[in-house]
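Asker: Next comes the structure file upload-v1.txt, holding compact mmCIF, C-alpha atoms.
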```
# COMPACT_ATOMS: atom_id res chain seq x y z
CA ASN A 1 1.22 -18.48 -5.82
CA ILE A 2 2.12 -15.21 -7.53
CA TRP A 3 -0.31 -12.29 -7.74
CA ILE A 4 0.35 -9.68 -10.42
CA GLY A 5 -1.36 -6.33 -10.89
CA THR A 6 -1.69 -4.97 -14.42
CA SER A 7 -3.35 -2.13 -16.29
CA ASN A 8 -6.55 -4.12 -16.80
CA SER A 9 -6.85 -6.60 -13.89
CA VAL A 10 -5.06 -8.71 -11.27
CA TYR A 11 -3.87 -12.21 -12.11
CA LYS A 12 -3.10 -15.19 -9.89
CA ILE A 13 -0.44 -17.59 -11.17
CA SER A 14 -0.38 -21.00 -9.50
CA ILE A 15 3.11 -22.53 -9.33
CA GLY A 16 3.78 -26.26 -8.95
CA LYS A 17 6.40 -27.94 -6.77
CA ASP A 18 8.83 -28.01 -9.70
CA ASN A 19 8.25 -24.30 -10.39
CA GLU A 20 6.02 -25.04 -13.36
CA ILE A 21 3.01 -22.84 -14.05
CA LEU A 22 -0.13 -24.82 -13.27
CA LYS A 23 -2.72 -22.20 -14.20
CA THR A 24 -3.35 -18.48 -14.54
CA GLU A 25 -6.57 -16.91 -13.24
CA ASN A 26 -8.04 -13.45 -13.81
CA LEU A 27 -9.59 -11.71 -10.80
CA ASN A 28 -12.12 -10.05 -13.11
CA SER A 29 -13.69 -13.50 -13.55
CA ASN A 30 -14.95 -13.20 -9.96
CA PRO A 31 -18.69 -12.37 -9.88
CA TYR A 32 -17.89 -9.29 -7.79
CA PHE A 33 -16.58 -7.65 -10.96
CA GLN A 34 -19.38 -8.79 -13.23
CA ASN A 35 -20.65 -5.27 -13.91
CA ASN A 36 -17.63 -3.13 -13.06
CA LYS A 37 -14.30 -4.64 -14.04
CA LEU A 38 -11.18 -3.90 -12.02
CA SER A 39 -8.95 -1.69 -14.14
CA LEU A 40 -5.51 -0.36 -13.22
CA ALA A 41 -4.09 -2.05 -10.10
CA ARG A 42 -1.42 0.16 -8.55
CA TYR A 43 -0.41 -2.12 -5.67
CA VAL A 44 -0.88 -5.78 -4.75
CA TYR A 45 0.02 -6.84 -1.21
CA ALA A 46 -0.05 -10.27 0.47
CA ASP A 47 -0.98 -9.67 4.11
CA PRO A 48 1.55 -11.40 6.41
CA LEU A 49 -0.93 -11.47 9.32
CA HIS A 50 -4.22 -12.53 7.74
CA ASP A 51 -5.08 -14.57 4.66
CA TYR A 52 -5.84 -11.53 2.52
CA ILE A 53 -4.58 -10.08 -0.70
CA TRP A 54 -4.98 -6.30 -0.61
CA ILE A 55 -5.23 -4.43 -3.91
CA GLY A 56 -4.83 -0.70 -4.35
CA ALA A 57 -6.56 0.58 -7.47
CA ASP A 58 -6.01 3.69 -9.56
CA SER A 59 -9.52 5.07 -9.02
CA GLU A 60 -11.60 2.33 -7.41
CA GLY A 61 -10.24 2.38 -3.87
CA LEU A 62 -8.96 -0.55 -1.82
CA PHE A 63 -9.96 -4.20 -2.29
CA ARG A 64 -9.60 -7.00 0.25
CA VAL A 65 -9.55 -10.51 -1.24
CA LYS A 66 -9.95 -13.48 1.11
CA ASN A 67 -7.18 -15.77 -0.09
CA ASN A 68 -8.07 -19.47 0.04
CA PRO A 69 -5.70 -21.77 -1.89
CA ASN A 70 -8.41 -24.43 -2.10
CA LEU A 71 -10.80 -22.21 -4.04
CA SER A 72 -10.65 -20.88 -7.58
CA ILE A 73 -10.27 -17.14 -7.95
CA ASN A 74 -13.90 -16.69 -8.99
CA GLN A 75 -15.01 -18.16 -5.63
CA LEU A 76 -13.00 -15.82 -3.39
CA LYS A 77 -14.79 -13.28 -1.20
CA ILE A 78 -14.01 -9.66 -2.08
CA ASN A 79 -14.67 -6.44 -0.16
CA GLN A 80 -14.18 -2.95 -1.56
CA TYR A 81 -13.47 0.23 0.41
CA THR A 82 -13.93 3.65 -1.17
CA ASN A 83 -14.02 7.25 -0.03
CA ASP A 84 -17.33 8.36 1.44
CA LYS A 85 -17.39 12.06 2.23
CA SER A 86 -20.19 11.49 4.74
CA ASN A 87 -18.10 8.94 6.67
CA THR A 88 -15.02 10.25 8.48
CA LYS A 89 -13.76 6.67 8.97
CA SER A 90 -13.70 5.87 5.24
CA ILE A 91 -10.52 5.73 3.19
CA SER A 92 -9.30 9.24 2.30
CA SER A 93 -8.89 8.69 -1.47
CA ASN A 94 -9.82 6.12 -4.12
CA PHE A 95 -6.32 6.25 -5.64
CA VAL A 96 -4.29 3.79 -3.52
CA THR A 97 -0.55 3.72 -4.14
CA SER A 98 0.92 1.66 -1.30
CA ILE A 99 -0.05 -0.88 1.36
CA LEU A 100 2.04 -2.37 4.16
CA ARG A 101 1.73 -4.01 7.56
CA LEU A 102 4.31 -3.22 10.20
CA PRO A 103 5.90 -5.80 12.52
CA ASN A 104 3.67 -4.40 15.28
CA GLU A 105 0.73 -5.61 13.12
CA SER A 106 -0.65 -2.16 12.23
CA LEU A 107 -1.79 -1.77 8.61
CA TRP A 108 -1.10 1.40 6.62
CA VAL A 109 -2.23 2.64 3.21
CA GLY A 110 -0.87 5.44 1.06
CA THR A 111 -3.02 7.39 -1.38
CA GLU A 112 -2.79 10.09 -4.00
CA SER A 113 -4.57 13.26 -2.83
CA GLY A 114 -5.53 11.77 0.56
CA GLY A 115 -2.23 11.27 2.39
CA ILE A 116 -1.87 8.09 4.45
CA CYS A 117 -4.37 6.01 6.43
CA LYS A 118 -3.99 3.71 9.40
CA VAL A 119 -6.41 0.82 8.99
CA LEU A 120 -8.13 -0.33 12.17
CA GLU A 121 -10.04 -3.60 12.44
CA SER A 122 -8.64 -4.73 9.10
CA ASN A 123 -9.83 -8.29 9.67
CA THR A 124 -13.49 -7.33 10.15
CA GLU A 125 -14.99 -3.95 9.18
CA PRO A 126 -12.03 -1.65 8.47
CA LYS A 127 -11.96 1.90 9.74
CA PHE A 128 -9.47 4.39 8.31
CA ILE A 129 -7.65 7.03 10.34
CA ASN A 130 -6.35 9.67 7.94
CA TYR A 131 -3.12 11.70 8.22
CA THR A 132 -2.68 14.50 5.70
CA GLU A 133 -1.05 17.89 5.18
CA LYS A 134 -3.22 19.15 8.03
CA ASN A 135 -1.30 16.80 10.34
CA GLY A 136 2.12 17.79 9.00
CA LEU A 137 2.61 15.63 5.90
CA SER A 138 4.56 17.55 3.25
CA ASN A 139 2.10 16.67 0.46
CA ASN A 140 -1.04 14.54 0.15
CA VAL A 141 0.13 12.86 -3.07
CA VAL A 142 1.83 9.80 -1.56
CA LYS A 143 3.93 7.69 -3.93
CA SER A 144 5.37 5.01 -1.62
CA ILE A 145 5.72 3.93 2.02
CA LEU A 146 8.53 1.98 3.66
CA TYR A 147 9.27 1.40 7.35
CA ASP A 148 12.39 1.25 9.52
CA ASP A 149 13.48 -0.78 12.56
CA ASN A 150 11.52 1.52 14.88
CA ASN A 151 8.23 1.10 12.99
CA ASN A 152 8.54 4.63 11.64
CA LEU A 153 7.09 5.17 8.17
CA TRP A 154 9.13 6.75 5.39
CA ILE A 155 6.71 8.37 2.98
CA SER A 156 7.68 9.74 -0.42
CA THR A 157 5.42 12.32 -2.04
CA ASN A 158 5.24 14.78 -4.93
CA ILE A 159 6.86 17.36 -2.66
CA GLY A 160 9.50 15.84 -0.42
CA LEU A 161 10.13 12.89 1.88
CA ASN A 162 8.59 12.36 5.31
CA GLU A 163 9.40 10.32 8.38
CA PHE A 164 6.29 9.51 10.41
CA ASN A 165 6.68 8.46 14.03
CA THR A 166 3.81 5.99 14.46
CA GLN A 167 4.01 6.14 18.26
CA LYS A 168 3.82 9.93 18.55
CA ASN A 169 1.89 10.52 15.29
CA GLU A 170 4.44 13.15 14.28
CA PHE A 171 5.90 13.97 10.87
CA ARG A 172 9.43 15.09 10.04
CA LYS A 173 9.89 16.55 6.57
CA PHE A 174 12.94 16.37 4.29
CA ASN A 175 13.53 18.43 1.14
CA GLU A 176 16.40 19.59 -1.06
CA SER A 177 17.77 21.81 1.68
CA ASP A 178 18.25 18.65 3.78
CA GLY A 179 20.26 16.98 1.02
CA LEU A 180 17.62 15.37 -1.17
CA ALA A 181 18.66 15.24 -4.81
CA PHE A 182 15.04 15.90 -5.78
CA GLU A 183 11.64 16.25 -4.13
CA ASP A 184 9.30 14.80 -6.78
CA PHE A 185 9.19 11.06 -6.10
CA TRP A 186 7.68 8.19 -8.06
CA PHE A 187 6.03 4.86 -7.12
CA ALA A 188 8.91 2.36 -7.11
CA ALA A 189 10.59 1.92 -3.71
CA ASN A 190 12.30 -0.89 -1.84
CA GLN A 191 14.44 -1.65 1.19
CA ILE A 192 17.43 -3.94 0.78
CA GLU A 193 18.80 -6.38 3.34
CA ASN A 194 21.25 -3.98 4.99
CA GLY A 195 18.40 -1.57 5.77
CA THR A 196 19.12 0.88 2.95
CA MET A 197 16.01 2.40 1.40
CA VAL A 198 15.93 3.05 -2.35
CA LEU A 199 13.32 5.53 -3.63
CA SER A 200 12.63 6.41 -7.25
CA GLY A 201 11.84 9.82 -8.68
CA LEU A 202 11.33 11.52 -12.00
CA ASP A 203 14.99 12.58 -11.92
CA GLY A 204 16.54 9.27 -10.89
CA PHE A 205 16.70 7.57 -7.50
CA ILE A 206 18.07 8.18 -4.03
CA TYR A 207 19.20 5.78 -1.33
CA PHE A 208 19.90 6.12 2.39
CA ASN A 209 19.92 4.13 5.60
CA PRO A 210 17.30 5.51 8.02
CA ASN A 211 19.44 4.42 10.99
CA GLU A 212 22.04 7.00 9.91
CA ILE A 213 19.57 9.90 9.88
CA THR A 214 19.88 12.01 13.02
```
Turn the structure described in the file into structure tokens.
Answerer:
Amino acid sequence: NIWIGTSNSVYKISIGKDNEILKTENLNSNPYFQNNKLSLARYVYADPLHDYIWIGADSEGLFRVKNNPNLSINQLKINQYTNDKSNTKSISSNFVTSILRLPNESLWVGTESGGICKVLESNTEPKFINYTEKNGLSNNVVKSILYDDNNNLWISTNIGLNEFNTQKNEFRKFNESDGLAFEDFWFAANQIENGTMVLSGLDGFIYFNPNEIT
């Protein structure tokens, strides 16, 4: 199946064995969204560890959809996680820009205005550990997250690029003085097969191999 996030919902496209489209379903048809429809979906992520589809929204936080291929989309169980200023273990911002699970099985989320979050107990009742400018991140407006062979995160922001050592919980910042062509990044980012990371920005794109950074 293919899950697609749009400016007004998330859609599931069921593909047949001959690559034909069998049906298209709208997540907003789920009773969970009966009164408050899902609007702009910034990120849709198929969890490689658990049968979940994670959705990062523009202003509605993080959604966890229990993915069951034998059920229609309006029967799937949905949980929503939003910022709660009275709960230090809640997600740091309701604007979610990136979601990824590392090979070591840890789950990470990037946000605008709230930095990054490590998600504990993601399969039950998630708890969010926040890392922000106070911890050394160059800027709390996170645009994308990728990871390298050492499970380090590479985090692009509005002001510079960051490498985050997930074992030591330490940030290393990069800016124009380190050779960046620009510091104001955008959402699109990917890593190609040879390990090279490609990051977009308002002034173009940059690429580098993290294994060559000393």
Asker: Rank A:Asn211, A:Asn87, A:Ser122, A:Phe187 by their smallest atom-to-atom distance to Glu163 of chain A, using only C-alpha atoms, and report the top residue only.
Answerer: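 Among the listed residues, the smallest separation from Glu163 of chain A belongs to A:Asn211.
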Asker: Please, what is the axis-aligned box for every listed atom of segment 149-164 of chain A with 5 Å on each side, as centre and edge lengths in Å to one decimal, as AutoDock Vina command-line options?
Answerer:
```
--center_x 9.4 --center_y 8.3 --center_z 5.0 --size_x 18.2 --size_y 28.1 --size_z 29.8
```
Asker: Just how far from atom CA of Ser59 of chain A is atom CA of Gly136 of chain A, in Å to one decimal?
Answerer: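 We find that atom CA of Gly136 of chain A and atom CA of Ser59 of chain A lie 24.9 Å from each other.
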Asker: Rounded to one decimal place, report the atom CA of Thr88 of chain A-atom CA of Val10 of chain A distance in Å.
Answerer: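 Between these atoms lies a distance of 29.1 Å.
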Asker: So that I can check the surroundings of Asn67 of chain A, please list as a ChimeraX atom specification every protein, DNA and RNA residue that reaches within 10 Å of it, counting only C-alpha atoms and ignoring chain neighbours fewer than 3 positions away.
Answerer: /A:46-47,50-54,64,70-73,75-78
Asker: Would you mind listing what lies within 8 Å of Asn151 of chain A as number ranges by chain, with only C-alpha atoms counted and same-chain residues fewer than 2 positions away left out?
Answerer: A: 102-104, 147-149, 153, 165-166
Asker: Kindly add N, CA and C atoms to the incomplete segment 169-198 of chain A and provide the output as a PDB file, in the frame of the given file.
Answerer:
```
ATOM      1  N   ASN A 169       2.683   9.934  16.376  1.00  0.00           N
ATOM      2  CA  ASN A 169       1.890  10.520  15.290  1.00  0.00           C
ATOM      3  C   ASN A 169       2.446  11.876  14.856  1.00  0.00           C
ATOM      4  N   GLU A 170       3.758  11.909  14.663  1.00  0.00           N
ATOM      5  CA  GLU A 170       4.440  13.150  14.280  1.00  0.00           C
ATOM      6  C   GLU A 170       5.213  12.952  12.988  1.00  0.00           C
ATOM      7  N   PHE A 171       5.165  13.983  12.127  1.00  0.00           N
ATOM      8  CA  PHE A 171       5.900  13.970  10.870  1.00  0.00           C
ATOM      9  C   PHE A 171       7.191  14.773  10.988  1.00  0.00           C
ATOM     10  N   ARG A 172       8.208  14.312  10.262  1.00  0.00           N
ATOM     11  CA  ARG A 172       9.430  15.090  10.040  1.00  0.00           C
ATOM     12  C   ARG A 172       9.653  15.160   8.541  1.00  0.00           C
ATOM     13  N   LYS A 173       9.804  16.353   8.010  1.00  0.00           N
ATOM     14  CA  LYS A 173       9.890  16.550   6.570  1.00  0.00           C
ATOM     15  C   LYS A 173      11.350  16.696   6.127  1.00  0.00           C
ATOM     16  N   PHE A 174      11.628  16.212   4.915  1.00  0.00           N
ATOM     17  CA  PHE A 174      12.940  16.370   4.290  1.00  0.00           C
ATOM     18  C   PHE A 174      12.748  16.905   2.880  1.00  0.00           C
ATOM     19  N   ASN A 175      13.590  17.878   2.494  1.00  0.00           N
ATOM     20  CA  ASN A 175      13.530  18.430   1.140  1.00  0.00           C
ATOM     21  C   ASN A 175      14.952  18.653   0.620  1.00  0.00           C
ATOM     22  N   GLU A 176      15.087  19.400  -0.448  1.00  0.00           N
ATOM     23  CA  GLU A 176      16.400  19.590  -1.060  1.00  0.00           C
ATOM     24  C   GLU A 176      17.383  20.276  -0.125  1.00  0.00           C
ATOM     25  N   SER A 177      16.884  21.128   0.748  1.00  0.00           N
ATOM     26  CA  SER A 177      17.770  21.810   1.680  1.00  0.00           C
ATOM     27  C   SER A 177      18.355  20.853   2.716  1.00  0.00           C
ATOM     28  N   ASP A 178      17.742  19.671   2.861  1.00  0.00           N
ATOM     29  CA  ASP A 178      18.250  18.650   3.780  1.00  0.00           C
ATOM     30  C   ASP A 178      19.164  17.655   3.072  1.00  0.00           C
ATOM     31  N   GLY A 179      19.368  17.847   1.761  1.00  0.00           N
ATOM     32  CA  GLY A 179      20.260  16.980   1.020  1.00  0.00           C
ATOM     33  C   GLY A 179      19.602  16.083   0.003  1.00  0.00           C
ATOM     34  N   LEU A 180      18.279  16.159  -0.137  1.00  0.00           N
ATOM     35  CA  LEU A 180      17.620  15.370  -1.170  1.00  0.00           C
ATOM     36  C   LEU A 180      18.054  15.837  -2.552  1.00  0.00           C
ATOM     37  N   ALA A 181      18.283  14.876  -3.442  1.00  0.00           N
ATOM     38  CA  ALA A 181      18.660  15.240  -4.810  1.00  0.00           C
ATOM     39  C   ALA A 181      17.480  15.791  -5.586  1.00  0.00           C
ATOM     40  N   PHE A 182      16.271  15.405  -5.166  1.00  0.00           N
ATOM     41  CA  PHE A 182      15.040  15.900  -5.780  1.00  0.00           C
ATOM     42  C   PHE A 182      13.915  15.715  -4.772  1.00  0.00           C
ATOM     43  N   GLU A 183      12.775  16.343  -5.047  1.00  0.00           N
ATOM     44  CA  GLU A 183      11.640  16.250  -4.130  1.00  0.00           C
ATOM     45  C   GLU A 183      10.415  15.576  -4.759  1.00  0.00           C
ATOM     46  N   ASP A 184      10.438  15.379  -6.070  1.00  0.00           N
ATOM     47  CA  ASP A 184       9.300  14.800  -6.780  1.00  0.00           C
ATOM     48  C   ASP A 184       9.534  13.310  -6.971  1.00  0.00           C
ATOM     49  N   PHE A 185       8.948  12.504  -6.085  1.00  0.00           N
ATOM     50  CA  PHE A 185       9.190  11.060  -6.100  1.00  0.00           C
ATOM     51  C   PHE A 185       8.210  10.336  -7.009  1.00  0.00           C
ATOM     52  N   TRP A 186       8.508   9.045  -7.238  1.00  0.00           N
ATOM     53  CA  TRP A 186       7.680   8.190  -8.060  1.00  0.00           C
ATOM     54  C   TRP A 186       7.328   6.942  -7.267  1.00  0.00           C
ATOM     55  N   PHE A 187       6.626   5.963  -7.878  1.00  0.00           N
ATOM     56  CA  PHE A 187       6.030   4.860  -7.120  1.00  0.00           C
ATOM     57  C   PHE A 187       7.014   3.802  -6.653  1.00  0.00           C
ATOM     58  N   ALA A 188       8.026   3.475  -7.451  1.00  0.00           N
ATOM     59  CA  ALA A 188       8.910   2.360  -7.110  1.00  0.00           C
ATOM     60  C   ALA A 188       9.769   2.682  -5.889  1.00  0.00           C
ATOM     61  N   ALA A 189       9.779   1.760  -4.924  1.00  0.00           N
ATOM     62  CA  ALA A 189      10.590   1.920  -3.710  1.00  0.00           C
ATOM     63  C   ALA A 189      10.844   0.557  -3.111  1.00  0.00           C
ATOM     64  N   ASN A 190      11.994   0.404  -2.458  1.00  0.00           N
ATOM     65  CA  ASN A 190      12.300  -0.890  -1.840  1.00  0.00           C
ATOM     66  C   ASN A 190      13.345  -0.681  -0.746  1.00  0.00           C
ATOM     67  N   GLN A 191      13.422  -1.656   0.142  1.00  0.00           N
ATOM     68  CA  GLN A 191      14.440  -1.650   1.190  1.00  0.00           C
ATOM     69  C   GLN A 191      15.254  -2.924   1.051  1.00  0.00           C
ATOM     70  N   ILE A 192      16.569  -2.780   0.959  1.00  0.00           N
ATOM     71  CA  ILE A 192      17.430  -3.940   0.780  1.00  0.00           C
ATOM     72  C   ILE A 192      17.860  -4.490   2.133  1.00  0.00           C
ATOM     73  N   GLU A 193      18.556  -5.629   2.116  1.00  0.00           N
ATOM     74  CA  GLU A 193      18.800  -6.380   3.340  1.00  0.00           C
ATOM     75  C   GLU A 193      19.585  -5.608   4.394  1.00  0.00           C
ATOM     76  N   ASN A 194      20.462  -4.725   3.994  1.00  0.00           N
ATOM     77  CA  ASN A 194      21.250  -3.980   4.990  1.00  0.00           C
ATOM     78  C   ASN A 194      20.505  -2.785   5.566  1.00  0.00           C
ATOM     79  N   GLY A 195      19.215  -2.649   5.221  1.00  0.00           N
ATOM     80  CA  GLY A 195      18.400  -1.570   5.770  1.00  0.00           C
ATOM     81  C   GLY A 195      18.327  -0.333   4.898  1.00  0.00           C
ATOM     82  N   THR A 196      19.127  -0.280   3.832  1.00  0.00           N
ATOM     83  CA  THR A 196      19.120   0.880   2.950  1.00  0.00           C
ATOM     84  C   THR A 196      17.808   0.969   2.187  1.00  0.00           C
ATOM     85  N   MET A 197      17.245   2.162   2.156  1.00  0.00           N
ATOM     86  CA  MET A 197      16.010   2.400   1.400  1.00  0.00           C
ATOM     87  C   MET A 197      16.366   3.020   0.054  1.00  0.00           C
ATOM     88  N   VAL A 198      15.710   2.541  -0.998  1.00  0.00           N
ATOM     89  CA  VAL A 198      15.930   3.050  -2.350  1.00  0.00           C
ATOM     90  C   VAL A 198      14.595   3.584  -2.858  1.00  0.00           C
TER      91      VAL A 198
END
```
